Amino acid sequence: MKFNDYKYEKINIDETKEKFSNLIKSFSDAENLEEQTKYMDEIIKLRNHIETMETLVSIRHSIDTTDEFYDKENEYVDEISPILFGFISEFYKALVNSKFRADLEKKYGKFLFDLAENTLKTFNEEIIPDLQEENRLSSKYSKLIASAKIQFDGEEKNLSEMVPYTQSKDRNVRIEASKKVAHFFKENKDKFDKIYDGLVKVRTTIAQKLGYKNYVELGYARLSRLEYDSEMVASYRKQVLENIVPLHTELRQRQAKRLGLDKLKFYDEPIKFNSGNADPHGDPEWILNHGKTMYNELSKETAEFFSFMTEKNLLDLLSKKGKMSGGYCTYIPEYKSPYIFANFNGTSHDVDVLTHEAGHAFQVYQSRGYEIPEYLWPTYEACEIHSMSMEFLTWPWMDLFFENDAEKYKFIHLSEALLFIPYGVTVDEFQHWVYENPNATPDDRRAKWLEIEKKYLPTRDYGEVDDLKEGIFWFRQGHIFNSPFYYIDYTLAQVCAFQFWIKSQENREKAWDEYLALCKLGGSKPFFELMKAANLKNPFEQGTIASVIPKIREFLESIDDMKL
């Protein structure tokens, strides 16, 4: 069965409520462990069905936001998902209060109960209308981003299609492209401000109704961060400031020298070499075919996984009008199918997506045997280890895509991974400030963005792109709108992925075995325990960031980038 044949049926909320209520009652009334486990299996089956329908709507809506049927279904799911979450919350109450809890913990693991207890702190029925409003605003943001119609090069382009122009070897083209993209955000400034202001206010209201001081603590609870808090994250950001920001400045100066520029401007950042960036040497189908070769040769597990993905059409890779921007990986439980969504644009990003999103998909494919839905995926910061490490573990096959530019690609990939971290903590510090100051005005927020950006990205200079000097760059970062506090997870995972890169340089087979073992654990353990299982140093510990820098510096300095 291929993805197009996966059947969607609308969730009947009243029927679903009745089914959940009956099953939860039967679970609670069960007279022995065996009976309770039987009802738990039934609840899991119902949850998987609901999740499947919600995911099919989400995928099909993101493939074509102009499809009227799925647009309406998406609005319906936005409306009912908080109610459905309420049903799961009721199940969690019954689970943590089970008279057979000790036996259930032995069977399913204690972590399930920790997650359930944490989730119960993030919901009550009073906040359902607020959650519906949050969903509505979040979808509004995604549609606004997808609506971009930029006239450029004699054609109408969306934001993804503008990326190659912002990376052009011709500086004038880069400047014009950057101005046009920035102007889309400036033109819609009031709309973005209004959506975000609405999101901040509604999230703050939800937090206060649940008894939190502000949204920060609730945001962490929603992300199931059971082992660390905002103070530990602030300390981590300080490590980044001390250890990575100076190297960031150094790399930007090196880039300016390579490009023959006195001063690197914002619109120069995307172009790494005057000879052009390392772009794949073929069209999307050619890239996909080489992807098949790569995953066939990487391991027997990746060979089986990628055949499954391609044979069932579980990848939508081409950028097209009306398609949502960005890329993601999701999972369709009833079909045990990962799904990869992307917007190929002819740049190295296409290969990064094929390795990054495939890292997510490979992990969930390896852990799809867990019957407990909570164990399919780990928490976000652990999830991103699989994706970012897969980018590095596939390095030996980069000559397939880039041919004689493979060395150039590796230099860019490693340096960009490092350059990204200060941007990631900029986004994080900004969000902490926003939710600690929920009554700040849109003008205050934009001024604060520029202030924090200066701290972590001291070389950034917007040059002639005047619109961005108003502090609106963050409008394009969907995570800020749709997944608050998620973004730091990429940076934590990047520090872990660097460790996998170092391991793979020293002993490729051992590194792969540790990576595979990590994927198979899925979300059955919390972040710190997963790192321990994979022999990774914890990014929060003093010295971890400093410990990965020398190897990265050594590799980057071993390449004569002036000749590439």
# chains A, B, ... in the order shown; residues from 1 in each chain; ligands from 1

$ residues_around --residues "Ser299 of chain A" --least-positions-apart "5" --cutoff "12 Å" --atoms "only C-alpha atoms" --output "JSON, numbers by chain"
{"A": [292, 293, 294, 304, 305, 306, 362, 393, 394, 508, 509, 512, 513, 515, 516]}

$ closest_atom_pairs --of "segment 175-248 of chain A" --to "segment 154-164 of chain A" --cutoff "12 Å" --atoms "only C-alpha atoms" --output "tab-separated table"
residue	atom	partner	partner_atom	distance
A:Ile175	CA	A:Met162	CA	12.0
A:Glu176	CA	A:Met162	CA	10.6
A:Ala177	CA	A:Met162	CA	6.9
A:Ser178	CA	A:Met162	CA	8.6
A:Lys179	CA	A:Met162	CA	11.0
A:Lys180	CA	A:Met162	CA	9.0
A:Val181	CA	A:Leu159	CA	7.1
A:Ala182	CA	A:Leu159	CA	10.2
A:His183	CA	A:Leu159	CA	11.5
A:Phe184	CA	A:Leu159	CA	9.1
A:Phe185	CA	A:Leu159	CA	10.5

$ write_last_selection --atoms "N, CA and C atoms" --output "PDB file, in the first residue's frame"
ATOM      1  N   ILE A 175      22.001  40.621  -3.151  1.00  0.00           N
ATOM      2  CA  ILE A 175      21.447  41.811  -2.483  1.00  0.00           C
ATOM      3  C   ILE A 175      19.974  41.974  -2.835  1.00  0.00           C
ATOM      4  N   GLU A 176      19.665  41.888  -4.122  1.00  0.00           N
ATOM      5  CA  GLU A 176      18.277  42.079  -4.572  1.00  0.00           C
ATOM      6  C   GLU A 176      17.361  40.991  -4.009  1.00  0.00           C
ATOM      7  N   ALA A 177      17.848  39.740  -4.041  1.00  0.00           N
ATOM      8  CA  ALA A 177      17.039  38.622  -3.527  1.00  0.00           C
ATOM      9  C   ALA A 177      16.786  38.801  -2.037  1.00  0.00           C
ATOM     10  N   SER A 178      17.835  39.169  -1.290  1.00  0.00           N
ATOM     11  CA  SER A 178      17.687  39.365   0.164  1.00  0.00           C
ATOM     12  C   SER A 178      16.708  40.498   0.464  1.00  0.00           C
ATOM     13  N   LYS A 179      16.787  41.566  -0.344  1.00  0.00           N
ATOM     14  CA  LYS A 179      15.864  42.696  -0.160  1.00  0.00           C
ATOM     15  C   LYS A 179      14.416  42.276  -0.413  1.00  0.00           C
ATOM     16  N   LYS A 180      14.213  41.500  -1.470  1.00  0.00           N
ATOM     17  CA  LYS A 180      12.851  41.067  -1.838  1.00  0.00           C
ATOM     18  C   LYS A 180      12.257  40.170  -0.747  1.00  0.00           C
ATOM     19  N   VAL A 181      13.078  39.234  -0.253  1.00  0.00           N
ATOM     20  CA  VAL A 181      12.600  38.329   0.803  1.00  0.00           C
ATOM     21  C   VAL A 181      12.275  39.145   2.062  1.00  0.00           C
ATOM     22  N   ALA A 182      13.196  40.025   2.432  1.00  0.00           N
ATOM     23  CA  ALA A 182      12.986  40.862   3.631  1.00  0.00           C
ATOM     24  C   ALA A 182      11.729  41.717   3.469  1.00  0.00           C
ATOM     25  N   HIS A 183      11.492  42.179   2.222  1.00  0.00           N
ATOM     26  CA  HIS A 183      10.347  43.059   1.991  1.00  0.00           C
ATOM     27  C   HIS A 183       9.018  42.328   2.193  1.00  0.00           C
ATOM     28  N   PHE A 184       9.006  41.038   1.863  1.00  0.00           N
ATOM     29  CA  PHE A 184       7.782  40.256   2.116  1.00  0.00           C
ATOM     30  C   PHE A 184       7.447  40.310   3.607  1.00  0.00           C
ATOM     31  N   PHE A 185       8.464  40.135   4.454  1.00  0.00           N
ATOM     32  CA  PHE A 185       8.234  40.160   5.900  1.00  0.00           C
ATOM     33  C   PHE A 185       7.873  41.563   6.381  1.00  0.00           C
TER      34      PHE A 185
END

$ residues_around --residues "segment 204-206 of chain A" --least-positions-apart "3" --cutoff "8 Å" --atoms "only C-alpha atoms" --output "PyMOL selection string"
chain A and resi 127+130-131+200-201+209-210+214-215+435+438

$ closest_atom_pairs --of "segment 27-112 of chain A" --to "segment 526-542 of chain A" --cutoff "12 Å" --atoms "only C-alpha atoms" --output "tab-separated table"
residue	atom	partner	partner_atom	distance
A:Gly109	CA	A:Pro526	CA	11.6
A:Lys110	CA	A:Pro526	CA	10.8
A:Phe111	CA	A:Pro526	CA	7.5
A:Leu112	CA	A:Pro526	CA	10.1

$ write_last_selection --atoms "C-alpha atoms" --output "short mmCIF file (atom, residue, chain, number, x, y, z; two decimals), in the first residue's frame"
data_model
loop_
_atom_site.label_atom_id
_atom_site.label_comp_id
_atom_site.auth_asym_id
_atom_site.auth_seq_id
_atom_site.Cartn_x
_atom_site.Cartn_y
_atom_site.Cartn_z
CA GLY A 109 8.99 1.10 32.28
CA LYS A 110 8.81 3.88 34.85
CA PHE A 111 9.49 6.58 32.24
CA LEU A 112 5.96 6.24 30.83
#

$ residues_around --residues "Asn289 of chain A" --least-positions-apart "5" --cutoff "12 Å" --atoms "only C-alpha atoms" --output "ChimeraX atom specification"
/A:282-284,294-296,306-307,310,351,354,400-401

$ closest_atom_pairs --of "segment 247-365 of chain A" --to "segment 458-478 of chain A" --cutoff "10 Å" --atoms "only C-alpha atoms" --output "JSON lines"
{"residue": "A:His248", "atom": "CA", "partner": "A:Thr459", "partner_atom": "CA", "distance": 8.6}
{"residue": "A:Thr249", "atom": "CA", "partner": "A:Thr459", "partner_atom": "CA", "distance": 6.3}
{"residue": "A:Glu250", "atom": "CA", "partner": "A:Thr459", "partner_atom": "CA", "distance": 9.6}
{"residue": "A:Arg252", "atom": "CA", "partner": "A:Thr459", "partner_atom": "CA", "distance": 7.2}
{"residue": "A:Gln253", "atom": "CA", "partner": "A:Thr459", "partner_atom": "CA", "distance": 8.5}
{"residue": "A:Lys263", "atom": "CA", "partner": "A:Asp461", "partner_atom": "CA", "distance": 8.7}
{"residue": "A:Leu264", "atom": "CA", "partner": "A:Asp461", "partner_atom": "CA", "distance": 7.4}
{"residue": "A:Lys265", "atom": "CA", "partner": "A:Asp461", "partner_atom": "CA", "distance": 5.0}
{"residue": "A:Phe266", "atom": "CA", "partner": "A:Tyr462", "partner_atom": "CA", "distance": 4.9}
{"residue": "A:Tyr267", "atom": "CA", "partner": "A:Tyr462", "partner_atom": "CA", "distance": 7.3}
{"residue": "A:Asp268", "atom": "CA", "partner": "A:Tyr462", "partner_atom": "CA", "distance": 9.7}
{"residue": "A:Glu269", "atom": "CA", "partner": "A:Arg460", "partner_atom": "CA", "distance": 8.7}
{"residue": "A:Ser325", "atom": "CA", "partner": "A:Gly478", "partner_atom": "CA", "distance": 9.4}
{"residue": "A:Gly326", "atom": "CA", "partner": "A:Gly478", "partner_atom": "CA", "distance": 8.7}

$ write_last_selection --atoms "C-alpha atoms" --output "CSV table (one decimal), in the first residue's frame"
chain,number,residue,atom,x,y,z
A,248,HIS,CA,32.0,32.1,15.0
A,249,THR,CA,33.6,35.6,14.5
A,250,GLU,CA,36.9,33.9,13.3
A,252,ARG,CA,33.1,34.8,9.4
A,253,GLN,CA,36.3,36.8,9.0
A,263,LYS,CA,33.4,43.4,5.5
A,264,LEU,CA,31.0,40.5,5.3
A,265,LYS,CA,27.4,41.7,5.1
A,266,PHE,CA,24.2,39.7,5.9
A,267,TYR,CA,23.6,38.9,2.2
A,268,ASP,CA,27.1,37.5,1.9
A,269,GLU,CA,26.7,35.0,4.7
A,325,SER,CA,7.7,25.9,3.6
A,326,GLY,CA,10.3,24.0,5.5

$ select_by_dssp --residues "segment 74-270 of chain A" --states "strand (DSSP E or B)" --output "PDB file with C-alpha atoms, in the first residue's frame"
ATOM      1  CA  ILE A 150       7.754  37.238  -4.761  1.00  0.00           C
ATOM      2  CA  GLN A 151       8.352  38.576  -8.264  1.00  0.00           C
ATOM      3  CA  PHE A 152      11.939  37.730  -9.165  1.00  0.00           C
ATOM      4  CA  GLU A 155       8.680  34.763 -12.315  1.00  0.00           C
ATOM      5  CA  GLU A 156       6.614  34.421  -9.174  1.00  0.00           C
ATOM      6  CA  LYS A 157       8.566  32.654  -6.407  1.00  0.00           C
TER       7      LYS A 157
END

$ residues_around --residues "Gln167 of chain A" --least-positions-apart "2" --cutoff "8 Å" --atoms "only C-alpha atoms" --output "JSON list (two decimals) with N, CA and C atoms, in the first residue's frame"
[["chain", "number", "residue", "atom", "x", "y", "z"],
["A", 163, "VAL", "N", 15.70, 30.87, -2.21],
["A", 163, "VAL", "CA", 16.98, 30.53, -1.56],
["A", 163, "VAL", "C", 18.16, 30.50, -2.53],
["A", 164, "PRO", "N", 18.04, 29.84, -3.71],
["A", 164, "PRO", "CA", 19.20, 29.81, -4.61],
["A", 164, "PRO", "C", 19.68, 31.21, -5.01],
["A", 165, "TYR", "N", 18.74, 32.17, -5.11],
["A", 165, "TYR", "CA", 19.14, 33.54, -5.49],
["A", 165, "TYR", "C", 19.88, 34.23, -4.35],
["A", 169, "LYS", "N", 26.35, 33.57, -6.87],
["A", 169, "LYS", "CA", 27.75, 34.04, -6.91],
["A", 169, "LYS", "C", 27.80, 35.54, -7.22],
["A", 174, "ARG", "N", 22.37, 38.56, -5.04],
["A", 174, "ARG", "CA", 22.17, 38.25, -3.61],
["A", 174, "ARG", "C", 21.50, 39.42, -2.89],
["A", 268, "ASP", "N", 25.93, 38.31, 2.28],
["A", 268, "ASP", "CA", 27.11, 37.52, 1.88],
["A", 268, "ASP", "C", 27.20, 36.21, 2.67],
["A", 270, "PRO", "N", 25.27, 33.64, 3.13],
["A", 270, "PRO", "CA", 24.92, 32.35, 2.50],
["A", 270, "PRO", "C", 25.90, 31.86, 1.43],
["A", 271, "ILE", "N", 26.75, 32.75, 0.90],
["A", 271, "ILE", "CA", 27.69, 32.31, -0.15],
["A", 271, "ILE", "C", 29.06, 32.08, 0.50],
["A", 276, "GLY", "N", 31.24, 29.66, -5.90],
["A", 276, "GLY", "CA", 29.89, 29.14, -5.64],
["A", 276, "GLY", "C", 29.90, 28.13, -4.51],
["A", 277, "ASN", "N", 28.74, 27.89, -3.96],
["A", 277, "ASN", "CA", 28.62, 26.88, -2.91],
["A", 277, "ASN", "C", 28.69, 25.49, -3.53]]

$ closest_residue --among "A:Glu18, A:Ile13, A:Lys520, A:Ala116" --to "Val77 of chain A" --atoms "only C-alpha atoms"
A:Ile13

$ closest_residue --among "A:Phe420, A:Ser62, A:Met388, A:Phe273" --to "Asn343 of chain A" --atoms "only C-alpha atoms"
A:Ser62

$ atom_distance --atom1 "atom CA of Phe20 of chain A" --atom2 "atom CA of Leu104 of chain A"
19.8 Å
